[in-house]
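J.: What follows is the file entry27.txt, containing compact mmCIF, C-alpha atoms:
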# COMPACT_ATOMS: atom_id res chain seq x y z
CA MET A 127 -6.30 -24.63 3.54
CA LYS A 128 -8.36 -22.43 1.24
CA VAL A 129 -8.06 -18.65 1.39
CA LEU A 130 -9.53 -15.63 -0.38
CA VAL A 131 -7.52 -12.61 -1.53
CA THR A 132 -9.49 -9.54 -2.57
CA GLY A 133 -7.67 -7.38 -5.11
CA ALA A 134 -5.63 -10.44 -6.06
CA ASN A 135 -4.34 -8.89 -9.28
CA GLY A 136 -2.98 -5.77 -7.57
CA PHE A 137 0.56 -4.99 -6.46
CA THR A 138 0.27 -6.29 -2.90
CA GLY A 139 -2.43 -8.84 -3.71
CA SER A 140 -0.44 -10.59 -6.44
CA HIS A 141 2.65 -10.91 -4.25
CA LEU A 142 0.43 -12.33 -1.51
CA VAL A 143 -1.15 -14.85 -3.90
CA LYS A 144 2.29 -16.11 -4.96
CA ALA A 145 3.48 -16.46 -1.36
CA LEU A 146 0.32 -18.32 -0.37
CA GLU A 147 0.63 -20.72 -3.29
CA GLN A 148 4.28 -21.37 -2.43
CA GLN A 149 3.12 -22.41 1.04
CA GLY A 150 0.59 -24.85 -0.40
CA TYR A 151 -2.62 -22.87 0.07
CA THR A 152 -5.52 -23.09 -2.35
CA VAL A 153 -6.14 -19.47 -3.30
CA VAL A 154 -9.31 -17.81 -4.54
CA GLY A 155 -8.93 -14.31 -5.96
CA LEU A 156 -11.69 -11.73 -6.31
CA VAL A 157 -11.02 -9.49 -9.32
CA ARG A 158 -13.03 -7.10 -11.45
CA LYS A 159 -14.02 -8.09 -14.97
CA SER A 160 -11.84 -5.25 -16.28
CA SER A 161 -8.79 -6.23 -14.19
CA ASN A 162 -5.36 -6.64 -15.75
CA LEU A 163 -4.37 -10.17 -14.77
CA SER A 164 -0.77 -10.09 -16.02
CA ARG A 165 0.63 -10.17 -12.47
CA LEU A 166 -1.09 -13.54 -11.96
CA ALA A 167 0.10 -15.12 -15.21
CA ASP A 168 2.06 -17.91 -13.53
CA CYS A 169 -0.37 -18.51 -10.66
CA GLN A 170 -2.95 -21.26 -10.10
CA VAL A 171 -5.34 -18.93 -8.29
CA GLN A 172 -9.05 -19.58 -8.79
CA LEU A 173 -10.48 -16.29 -10.02
CA VAL A 174 -13.98 -15.02 -9.26
CA GLU A 175 -15.04 -11.95 -11.19
CA GLY A 176 -17.04 -9.33 -9.40
CA ASP A 177 -17.09 -5.91 -7.78
CA ILE A 178 -16.00 -5.61 -4.17
CA THR A 179 -19.33 -3.97 -3.29
CA ASP A 180 -21.45 -6.66 -4.99
CA ARG A 181 -22.51 -9.21 -2.39
CA ALA A 182 -23.27 -12.11 -4.76
CA PRO A 183 -19.79 -12.64 -6.30
CA LEU A 184 -18.13 -11.88 -2.97
CA LEU A 185 -20.28 -14.54 -1.31
CA THR A 186 -19.39 -17.01 -4.06
CA ALA A 187 -15.70 -16.29 -3.59
CA THR A 188 -15.85 -16.55 0.21
CA ILE A 189 -17.89 -19.72 0.70
CA GLY A 190 -15.63 -22.57 1.78
CA VAL A 191 -12.55 -20.51 2.62
CA ASP A 192 -10.85 -20.48 6.02
CA ARG A 193 -9.17 -17.07 5.80
CA VAL A 194 -9.77 -13.81 3.98
CA PHE A 195 -7.04 -11.31 3.09
CA HIS A 196 -8.61 -7.98 2.16
CA THR A 197 -6.12 -6.01 0.03
CA ALA A 198 -8.45 -4.44 -2.56
CA ALA A 199 -8.36 -0.64 -2.47
CA TYR A 200 -8.43 2.48 -4.61
CA VAL A 201 -5.02 4.02 -3.90
CA GLU A 202 -4.26 7.43 -5.40
CA LEU A 203 -3.38 10.98 -4.46
CA GLY A 204 -4.09 14.13 -6.42
CA LEU A 205 -7.17 14.42 -8.59
CA VAL A 206 -9.28 11.35 -7.89
CA ASN A 207 -12.82 10.11 -8.38
CA GLU A 208 -13.82 10.62 -4.74
CA PRO A 209 -17.24 8.87 -4.90
CA GLU A 210 -15.60 5.84 -6.52
CA MET A 211 -12.84 5.83 -3.92
CA GLU A 212 -15.42 5.93 -1.15
CA ARG A 213 -17.39 3.13 -2.80
CA VAL A 214 -14.35 0.85 -3.07
CA ASN A 215 -12.52 1.66 0.15
CA VAL A 216 -15.45 2.19 2.50
CA ALA A 217 -18.46 0.32 1.10
CA GLY A 218 -16.20 -2.44 -0.22
CA THR A 219 -14.63 -3.00 3.19
CA GLN A 220 -18.06 -3.00 4.83
CA ASN A 221 -19.18 -5.69 2.39
CA VAL A 222 -16.11 -7.90 2.91
CA MET A 223 -16.40 -7.75 6.70
CA ALA A 224 -20.16 -8.41 6.64
CA VAL A 225 -19.82 -11.48 4.43
CA ALA A 226 -16.90 -12.79 6.51
CA GLN A 227 -18.93 -12.43 9.69
CA GLU A 228 -22.02 -14.00 8.12
CA LEU A 229 -20.03 -17.05 6.98
CA GLY A 230 -18.07 -17.38 10.20
CA ILE A 231 -14.65 -17.01 8.56
CA ARG A 232 -11.94 -18.16 10.97
CA LYS A 233 -9.55 -15.25 10.32
CA VAL A 234 -9.58 -12.01 8.33
CA VAL A 235 -6.48 -9.92 7.67
CA TYR A 236 -7.13 -6.35 6.54
CA CYS A 237 -4.46 -4.31 4.75
CA SER A 238 -4.85 -0.82 6.18
CA THR A 239 -2.27 2.01 6.14
CA ILE A 240 -0.27 4.14 8.57
CA GLY A 241 -2.17 7.04 7.02
CA ILE A 242 -5.07 6.36 9.39
CA PHE A 243 -3.02 8.09 12.12
CA GLY A 244 -3.20 11.36 10.21
CA ASP A 245 -0.39 13.91 10.24
CA THR A 246 1.76 13.11 13.29
CA GLN A 247 3.85 16.24 12.55
CA GLY A 248 7.04 14.20 12.69
CA GLU A 249 6.27 12.48 15.99
CA VAL A 250 7.12 8.77 15.92
CA VAL A 251 3.97 6.91 16.94
CA ASN A 252 2.88 3.33 17.58
CA GLU A 253 -0.45 1.52 17.48
CA THR A 254 -1.69 3.23 20.66
CA PHE A 255 -1.61 6.68 19.03
CA GLN A 256 -4.96 8.45 18.76
CA ARG A 257 -5.37 10.61 15.69
CA THR A 258 -5.17 14.33 16.49
CA GLN A 259 -5.64 15.71 12.97
CA THR A 260 -9.29 16.74 12.83
CA ASP A 261 -9.55 17.10 9.05
CA PHE A 262 -8.31 14.88 6.24
CA SER A 263 -5.41 15.45 3.86
CA SER A 264 -7.02 13.60 0.96
CA ALA A 265 -9.92 11.41 -0.09
CA TYR A 266 -7.62 8.44 0.35
CA ASP A 267 -6.80 9.55 3.89
CA ARG A 268 -10.49 9.90 4.72
CA THR A 269 -11.76 6.70 3.12
CA LYS A 270 -9.05 4.47 4.61
CA TYR A 271 -9.71 6.00 8.03
CA GLN A 272 -13.43 5.29 7.65
CA ALA A 273 -12.68 1.76 6.46
CA GLN A 274 -10.54 1.13 9.54
CA GLN A 275 -13.39 2.29 11.75
CA ILE A 276 -15.62 -0.28 10.07
CA VAL A 277 -13.07 -3.05 10.60
CA ASP A 278 -12.68 -2.13 14.26
CA ARG A 279 -16.46 -2.20 14.77
CA PHE A 280 -16.66 -5.70 13.30
CA ALA A 281 -13.79 -6.80 15.55
CA ALA A 282 -15.67 -5.43 18.56
CA ASN A 283 -18.70 -7.45 17.46
CA GLY A 284 -16.80 -10.73 17.38
CA LEU A 285 -15.18 -10.96 13.93
CA ASN A 286 -11.66 -12.40 14.15
CA VAL A 287 -10.01 -9.65 12.10
CA VAL A 288 -6.48 -8.30 12.35
CA SER A 289 -5.26 -5.06 10.70
CA VAL A 290 -1.80 -4.55 9.26
CA MET A 291 -0.79 -0.94 8.65
CA PRO A 292 2.04 -0.62 6.13
CA SER A 293 4.09 2.46 5.39
CA GLY A 294 5.14 3.14 1.78
CA ILE A 295 5.12 -0.21 -0.05
CA LEU A 296 8.02 -0.65 -2.48
CA GLY A 297 9.00 -3.32 -4.99
CA ALA A 298 10.38 -3.67 -8.49
CA ASP A 299 6.81 -3.73 -9.84
CA ASP A 300 5.53 -0.98 -7.53
CA PRO A 301 3.15 1.13 -9.66
CA HIS A 302 3.76 4.31 -7.63
CA PHE A 303 7.44 4.85 -6.74
CA GLY A 304 8.75 2.05 -8.96
CA PRO A 305 8.64 4.15 -12.15
CA VAL A 306 10.62 6.87 -10.33
CA ILE A 307 13.37 4.40 -9.43
CA LYS A 308 13.43 3.14 -13.02
CA LEU A 309 13.87 6.67 -14.34
CA PHE A 310 16.69 7.21 -11.83
CA LEU A 311 18.44 4.00 -12.87
CA GLN A 312 18.18 5.03 -16.51
CA GLY A 313 19.86 8.34 -15.67
CA LYS A 314 16.76 10.28 -16.67
CA LEU A 315 15.72 11.64 -13.27
CA LYS A 316 17.54 14.97 -13.06
CA LEU A 317 15.15 16.87 -10.78
CA TRP A 318 13.16 15.88 -7.70
CA VAL A 319 10.87 17.63 -5.23
CA GLY A 320 10.72 17.40 -1.44
CA GLY A 321 14.08 15.79 -0.76
CA ASP A 322 13.64 16.47 2.96
CA ARG A 323 10.33 14.62 3.12
CA ILE A 324 10.53 11.74 5.60
CA THR A 325 8.78 8.59 4.51
CA GLY A 326 8.52 5.09 5.90
CA ILE A 327 9.08 2.17 3.55
CA VAL A 328 8.58 -1.59 3.49
CA HIS A 329 9.34 -4.13 0.77
CA VAL A 330 6.13 -5.64 -0.60
CA ASP A 331 7.35 -9.16 0.17
CA ASP A 332 8.05 -8.16 3.78
CA LEU A 333 4.51 -6.81 3.98
CA VAL A 334 3.25 -10.14 2.67
CA SER A 335 5.32 -11.92 5.31
CA ALA A 336 3.71 -9.73 7.97
CA MET A 337 0.23 -10.52 6.66
CA LEU A 338 0.91 -14.25 6.82
CA LEU A 339 2.25 -13.92 10.36
CA ALA A 340 -0.79 -11.84 11.32
CA ALA A 341 -3.05 -14.59 9.99
CA ASP A 342 -1.23 -17.17 12.13
CA LYS A 343 -0.43 -15.18 15.29
CA GLY A 344 -2.36 -11.91 15.30
CA GLN A 345 -5.04 -11.54 17.95
CA ALA A 346 -8.57 -10.43 17.02
CA GLY A 347 -8.93 -6.67 16.80
CA GLU A 348 -5.19 -5.97 16.97
CA HIS A 349 -3.36 -3.46 14.77
CA TYR A 350 0.21 -3.96 13.56
CA ILE A 351 2.33 -1.21 12.01
CA ILE A 352 4.47 -2.62 9.19
CA SER A 353 7.54 -0.53 8.37
CA SER A 354 11.25 -1.24 7.96
CA GLY A 355 12.03 2.32 9.06
CA ASP A 356 11.94 5.80 7.60
CA LEU A 357 14.27 8.15 5.77
CA THR A 358 14.15 11.24 3.59
CA THR A 359 13.75 10.82 -0.14
CA ARG A 360 17.16 12.44 -0.53
CA GLN A 361 18.65 9.69 1.65
CA MET A 362 16.81 7.16 -0.48
CA PHE A 363 18.46 8.50 -3.63
CA GLU A 364 21.83 8.58 -1.86
CA ILE A 365 21.52 4.85 -1.13
CA LEU A 366 20.65 4.24 -4.78
CA HIS A 367 23.62 6.42 -5.77
CA GLN A 368 25.98 4.35 -3.61
CA LYS A 369 24.67 1.19 -5.25
CA THR A 370 24.81 2.44 -8.86
CA GLY A 371 27.02 5.52 -9.04
CA ILE A 372 24.19 7.49 -10.64
CA PRO A 373 24.04 11.11 -9.36
CA VAL A 374 21.37 12.12 -6.87
CA PRO A 375 18.79 14.33 -8.63
CA SER A 376 18.85 18.06 -7.92
CA GLU A 377 16.24 19.64 -5.68
CA ALA A 378 13.53 21.76 -7.30
CA PRO A 379 12.80 25.05 -5.45
CA GLN A 380 9.78 24.63 -3.19
CA ALA A 381 8.23 27.96 -4.22
CA LEU A 382 8.39 26.95 -7.87
CA VAL A 383 6.91 23.52 -7.16
CA ARG A 384 3.97 25.05 -5.30
CA LEU A 385 3.41 27.55 -8.11
CA VAL A 386 3.39 24.82 -10.76
CA ALA A 387 1.00 22.71 -8.67
CA ASN A 388 -1.38 25.65 -8.31
CA ILE A 389 -1.36 26.09 -12.08
CA LEU A 390 -1.70 22.41 -13.00
CA ASP A 391 -4.37 21.56 -10.44
CA PRO A 392 -7.27 23.46 -12.08
CA ILE A 393 -6.08 22.41 -15.53
CA GLY A 394 -6.18 18.78 -14.43
CA ARG A 395 -9.68 19.20 -13.02
CA TRP A 396 -10.94 20.85 -16.19
CA PHE A 397 -9.51 18.21 -18.55
CA LYS A 398 -9.97 15.25 -16.13
CA TRP A 399 -6.22 14.67 -16.20
CA GLN A 400 -3.91 13.59 -13.37
CA PRO A 401 -1.03 16.11 -13.42
CA PRO A 402 2.38 15.14 -12.02
CA LEU A 403 1.98 17.95 -9.47
CA SER A 404 -1.25 18.98 -7.75
CA ARG A 405 -2.08 20.81 -4.54
CA GLU A 406 -2.82 17.56 -2.73
CA ARG A 407 0.41 15.89 -3.79
CA VAL A 408 2.44 18.95 -2.82
CA HIS A 409 0.72 18.94 0.56
CA TYR A 410 1.91 15.38 1.14
CA VAL A 411 5.43 16.27 0.06
CA TYR A 412 5.96 19.42 2.13
CA ASP A 413 3.29 19.71 4.81
CA ARG A 414 2.45 16.24 6.13
CA CYS A 415 4.74 13.88 8.04
CA VAL A 416 3.72 10.49 9.45
CA ARG A 417 6.41 8.56 11.34
CA VAL A 418 5.84 5.18 12.95
CA ASP A 419 7.41 2.51 15.15
CA ALA A 420 6.93 -1.14 14.06
CA THR A 421 8.26 -2.71 17.28
CA LYS A 422 4.95 -4.43 18.05
CA ALA A 423 4.97 -6.48 14.83
CA ARG A 424 8.56 -7.54 15.45
CA GLN A 425 7.90 -8.58 19.04
CA GLU A 426 4.41 -10.10 18.84
CA LEU A 427 4.45 -11.58 15.34
CA GLY A 428 8.16 -12.35 15.06
CA TRP A 429 8.31 -10.21 11.91
CA GLN A 430 11.85 -9.76 10.57
CA PRO A 431 11.92 -7.39 7.58
CA ARG A 432 14.97 -6.53 5.52
CA SER A 433 16.62 -3.20 6.31
CA ILE A 434 15.94 -0.01 4.39
CA THR A 435 19.25 -0.37 2.53
CA GLU A 436 18.54 -4.03 1.70
CA THR A 437 15.06 -3.10 0.51
CA LEU A 438 16.38 -0.56 -1.98
CA GLU A 439 19.32 -2.70 -3.08
CA ASN A 440 17.02 -5.67 -3.69
CA ILE A 441 14.72 -3.53 -5.83
CA VAL A 442 17.68 -2.33 -7.90
CA ALA A 443 18.88 -5.91 -8.36
CA ASP A 444 15.39 -7.03 -9.44
CA MET A 445 15.16 -4.19 -11.94
CA GLN A 446 18.64 -4.86 -13.27
CA SER A 447 17.72 -8.49 -13.90
CA ASP A 448 14.84 -7.43 -16.11
CA ASN A 449 16.83 -6.23 -19.12
CA SER A 450 13.69 -6.01 -21.23
CA GLN A 451 12.46 -3.06 -19.17
CA LEU A 452 15.57 -1.33 -17.97
CA THR A 453 19.01 -0.27 -19.12
CA ILE A 454 21.15 0.72 -16.15
CA ARG A 455 23.51 3.64 -16.65
CA ASN A 456 26.44 3.47 -14.28
What does this structure look like when you write it as structure tokens?

T.:
Amino acid sequence: MKVLVTGANGFTGSHLVKALEQQGYTVVGLVRKSSNLSRLADCQVQLVEGDITDRAPLLTATIGVDRVFHTAAYVELGLVNEPEMERVNVAGTQNVMAVAQELGIRKVVYCSTIGIFGDTQGEVVNETFQRTQTDFSSAYDRTKYQAQQIVDRFAANGLNVVSVMPSGILGADDPHFGPVIKLFLQGKLKLWVGGDRITGIVHVDDLVSAMLLAADKGQAGEHYIISSGDLTTRQMFEILHQKTGIPVPSEAPQALVRLVANILDPIGRWFKWQPPLSRERVHYVYDRCVRVDATKARQELGWQPRSITETLENIVADMQSDNSQLTIRN
């Protein structure tokens, strides 16, 4: 069977490509001309260069495939290029769904996010939850919500598309929280912010497993939350501490964090620089809480993810095995 993966060189996309190849699929990957292809170095994927919003290369990549996995996205919080994010996340998704429908693709799996539910204010929700937050916390929040609306409209019009909605995606090569874990394991992370923030997590390979199950078993138009569970970031560091003996970082005072973010935010905008703290990032740390229940994926897809503790311990083990990047300090 031949399949297409958009964003094949990305964090989730590259793990998906490897899993598909291991199962004997012929994989086509849509990537930009400027893409870093190092994650695909050992793969046999057939690459098609082109922008996600450009119909011609997308059509070339899609012709002859049985399934499409749409993972391409602009993922960032803080100071972002909002028009570019809208172009990629919204217009790009529109283009992928339109081409898939035009070509009569048998199955499309869309990688969404639990963020589409908005701020649930700590309430644990499932796929039936209707968003109550009337505004948006970020450009990412808005564009992924709009993209999901597009996907749902195509499903209503007959496209066989299934949406998976992951919580925070972790892995040894995670470009977002991975560097934080590496700093911790090197004994260099002495201070942290928002230790009480509750966040859901899922190992990237468990997300990939869910996407493959969704392609095989998911019903058209269905949504599946993908999360191994949630915990506070302090609890996350405590699990890492138990595994390594490295002390849990101290908590920075919230008032100080907000003050620094208010100072750095305009500086970042002026110099077109992404500061480590910004108003938007602080909002996500202290003011927004999305909690979810992934029972549906377990029951309907037969999804069996590793536990939260196993997820973190596996990441540590993977990082420890890569001695060229990391020196563990016990």

J.: Considering all atoms listed in the file, can you say which of A:Ala346, A:Ala381, A:Val319, A:Leu309 comes closest to Asn283 in chain A?

T.: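 Using all atoms listed in the file, Asn283 in chain A sits closest to A:Ala346.
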
J.: Using only C-alpha atoms, which residue out of A:Thr219, A:Gln425, A:Thr138, A:Gln312 lies closest to Leu333 in chain A?

T.: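 Closest to Leu333 in chain A, using only C-alpha atoms: A:Thr138.
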
J.: With distances taken over only C-alpha atoms, which residue among A:Asp177, A:Glu147, A:Glu439, A:Asp192 lies nearest Ser160 in chain A?

T.: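 With only C-alpha atoms as the atom set, the closest residue is A:Asp177.
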
J.: At most 12 Å from (-1.2, -12.5, -13.7), file frame, all atoms listed in the file: which residues, as a PyMOL selection string?

T.: chain A and resi 133-137+139-141+143-144+155+157+161-173

J.: Could you list, as a PDB file with C-alpha atoms, in the coordinates of the input, every residue within 12 Å of Leu390 in chain A, counting all atoms listed in the file and ignoring same-chain residues fewer than 2 positions away?

T.:
ATOM      1  CA  GLY A 204      -4.090  14.130  -6.420  1.00  0.00           C
ATOM      2  CA  LEU A 205      -7.170  14.420  -8.590  1.00  0.00           C
ATOM      3  CA  VAL A 383       6.910  23.520  -7.160  1.00  0.00           C
ATOM      4  CA  ARG A 384       3.970  25.050  -5.300  1.00  0.00           C
ATOM      5  CA  LEU A 385       3.410  27.550  -8.110  1.00  0.00           C
ATOM      6  CA  VAL A 386       3.390  24.820 -10.760  1.00  0.00           C
ATOM      7  CA  ALA A 387       1.000  22.710  -8.670  1.00  0.00           C
ATOM      8  CA  ASN A 388      -1.380  25.650  -8.310  1.00  0.00           C
ATOM      9  CA  PRO A 392      -7.270  23.460 -12.080  1.00  0.00           C
ATOM     10  CA  ILE A 393      -6.080  22.410 -15.530  1.00  0.00           C
ATOM     11  CA  GLY A 394      -6.180  18.780 -14.430  1.00  0.00           C
ATOM     12  CA  ARG A 395      -9.680  19.200 -13.020  1.00  0.00           C
ATOM     13  CA  TRP A 396     -10.940  20.850 -16.190  1.00  0.00           C
ATOM     14  CA  PHE A 397      -9.510  18.210 -18.550  1.00  0.00           C
ATOM     15  CA  LYS A 398      -9.970  15.250 -16.130  1.00  0.00           C
ATOM     16  CA  TRP A 399      -6.220  14.670 -16.200  1.00  0.00           C
ATOM     17  CA  GLN A 400      -3.910  13.590 -13.370  1.00  0.00           C
ATOM     18  CA  PRO A 401      -1.030  16.110 -13.420  1.00  0.00           C
ATOM     19  CA  PRO A 402       2.380  15.140 -12.020  1.00  0.00           C
ATOM     20  CA  LEU A 403       1.980  17.950  -9.470  1.00  0.00           C
ATOM     21  CA  SER A 404      -1.250  18.980  -7.750  1.00  0.00           C
ATOM     22  CA  ARG A 405      -2.080  20.810  -4.540  1.00  0.00           C
ATOM     23  CA  GLU A 406      -2.820  17.560  -2.730  1.00  0.00           C
ATOM     24  CA  ARG A 407       0.410  15.890  -3.790  1.00  0.00           C
ATOM     25  CA  VAL A 408       2.440  18.950  -2.820  1.00  0.00           C
TER      26      VAL A 408
END

J.: Determine, counting all atoms listed in the file, which protein, DNA and RNA residues have an atom within 9 Å of an atom of Arg417 in chain A; residues of the same chain fewer than 4 positions away are not included. Present the result as a PyMOL selection string.

T.: chain A and resi 240+245-252+293+324-326+355-356

J.: Identify which of the residues A:Ile434, A:Leu156, A:Val206, A:Met445 lies closest to Gly218 in chain A, counting all atoms listed in the file when measuring atom-to-atom distances.

T.: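 Answer, going by the shortest atom-to-atom distance: A:Leu156.
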
J.: So, with all atoms listed in the file as the atoms that count, which of A:Val201, A:Ile441, A:Ala298, A:Ile389 lies closest to Lys270 in chain A?

T.: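 Under the stated criterion, the closest residue is A:Val201.
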
J.: Can you work out the spacing between CA of Ala273 in chain A and CA of Leu184 in chain A in Å, to one decimal?

T.: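 CA of Leu184 in chain A lies at a distance of 17.5 Å from CA of Ala273 in chain A.
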
J.: Counting only C-alpha atoms, which of A:Thr421, A:Ser238, A:Thr258, A:Ser376 gets nearest to Phe363 in chain A?

T.: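 The shortest atom-to-atom distance to Phe363 in chain A comes from A:Ser376.
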
J.: Can you pull out the residues contacting Ala336 in chain A? Cut-off 8 Å, using only C-alpha atoms, and skip same-chain residues under 5 positions away; I want them as a ChimeraX atom specification.

T.: /A:290,352,423,427,429

J.: Between CA of Ser264 in chain A and CA of Val306 in chain A, what is the spacing in Å?

T.: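 Separating CA of Val306 in chain A from CA of Ser264 in chain A is a distance of 22.0 Å.
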
J.: CA of Glu208 in chain A to CA of Tyr236 in chain A: how many Å, to one decimal?

T.: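 Calculated distance between CA of Glu208 in chain A and CA of Tyr236 in chain A is 21.4 Å.
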
J.: Would you pick out the contacts of Asp331 in chain A at 8 Å or less, using all atoms listed in the file, so that residues sharing its chain but fewer than 2 positions from it are not included, and give the list as a VMD selection string?

T.: chain A and resid 141 to 142 297 329 333 to 335

J.: Please identify all polymer residues within 10 Å of Leu285 in chain A, counting all atoms listed in the file, omitting same-chain residues fewer than 3 positions from it, and present them as an MDAnalysis selection string.

T.: chainID A and resid 223:224 226:228 230:234 277:282 288 346:347

J.: Take every atom of range 333-346 of chain A listed in the file, fit an axis-aligned box around them, add 3 Å per side, and give the centre and edge lengths in Å to one decimal as lines of an AutoDock Vina configuration file.

T.:
center_x = -1.6
center_y = -12.0
center_z = 10.3
size_x = 19.9
size_y = 16.4
size_z = 21.3

J.: For range 363-386 of chain A of the structure just presented, write N, CA and C atoms to a file, as a compact mmCIF listing (two decimals), in the first residue's frame.

T.:
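Just written: part11.txt:
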# COMPACT_ATOMS: atom_id res chain seq x y z
N PHE A 363 9.13 16.36 36.73
CA PHE A 363 10.53 16.42 37.17
C PHE A 363 10.80 15.47 38.33
N GLU A 364 9.80 15.22 39.15
CA GLU A 364 9.98 14.27 40.25
C GLU A 364 10.18 12.85 39.73
N ILE A 365 9.47 12.50 38.66
CA ILE A 365 9.68 11.19 38.03
C ILE A 365 11.08 11.10 37.45
N LEU A 366 11.52 12.17 36.80
CA LEU A 366 12.88 12.20 36.26
C LEU A 366 13.92 12.14 37.38
N HIS A 367 13.61 12.79 38.49
CA HIS A 367 14.51 12.75 39.67
C HIS A 367 14.63 11.33 40.20
N GLN A 368 13.51 10.62 40.31
CA GLN A 368 13.54 9.25 40.80
C GLN A 368 14.34 8.33 39.89
N LYS A 369 14.32 8.62 38.61
CA LYS A 369 15.05 7.82 37.63
C LYS A 369 16.54 8.12 37.65
N THR A 370 16.91 9.40 37.90
CA THR A 370 18.31 9.82 37.72
C THR A 370 18.99 10.29 39.00
N GLY A 371 18.21 10.69 40.00
CA GLY A 371 18.80 11.25 41.21
C GLY A 371 19.12 12.73 41.09
N ILE A 372 18.85 13.32 39.95
CA ILE A 372 19.11 14.75 39.75
C ILE A 372 18.02 15.56 40.45
N PRO A 373 18.39 16.60 41.20
CA PRO A 373 17.39 17.38 41.95
C PRO A 373 16.34 18.05 41.06
N VAL A 374 15.13 18.12 41.58
CA VAL A 374 14.05 18.84 40.90
C VAL A 374 14.38 20.33 40.90
N PRO A 375 14.22 21.02 39.77
CA PRO A 375 14.55 22.45 39.75
C PRO A 375 13.65 23.26 40.68
N SER A 376 14.19 24.34 41.19
CA SER A 376 13.42 25.23 42.06
C SER A 376 12.38 26.00 41.26
N GLU A 377 11.35 26.46 41.98
CA GLU A 377 10.26 27.18 41.34
C GLU A 377 10.53 28.68 41.34
N ALA A 378 10.45 29.30 40.17
CA ALA A 378 10.60 30.75 40.07
C ALA A 378 9.32 31.42 40.54
N PRO A 379 9.41 32.55 41.27
CA PRO A 379 8.20 33.25 41.73
C PRO A 379 7.35 33.71 40.56
N GLN A 380 6.05 33.45 40.64
CA GLN A 380 5.15 33.78 39.54
C GLN A 380 5.17 35.27 39.21
N ALA A 381 5.18 36.12 40.24
CA ALA A 381 5.17 37.57 39.99
C ALA A 381 6.39 38.00 39.19
N LEU A 382 7.53 37.41 39.52
CA LEU A 382 8.77 37.73 38.81
C LEU A 382 8.70 37.24 37.36
N VAL A 383 8.17 36.05 37.17
CA VAL A 383 8.06 35.49 35.82
C VAL A 383 7.18 36.37 34.95
N ARG A 384 6.05 36.81 35.50
CA ARG A 384 5.16 37.67 34.72
C ARG A 384 5.81 39.02 34.41
N LEU A 385 6.57 39.56 35.37
CA LEU A 385 7.27 40.81 35.14
C LEU A 385 8.29 40.67 34.02
N VAL A 386 9.08 39.60 34.07
CA VAL A 386 10.10 39.38 33.04
C VAL A 386 9.44 39.21 31.67
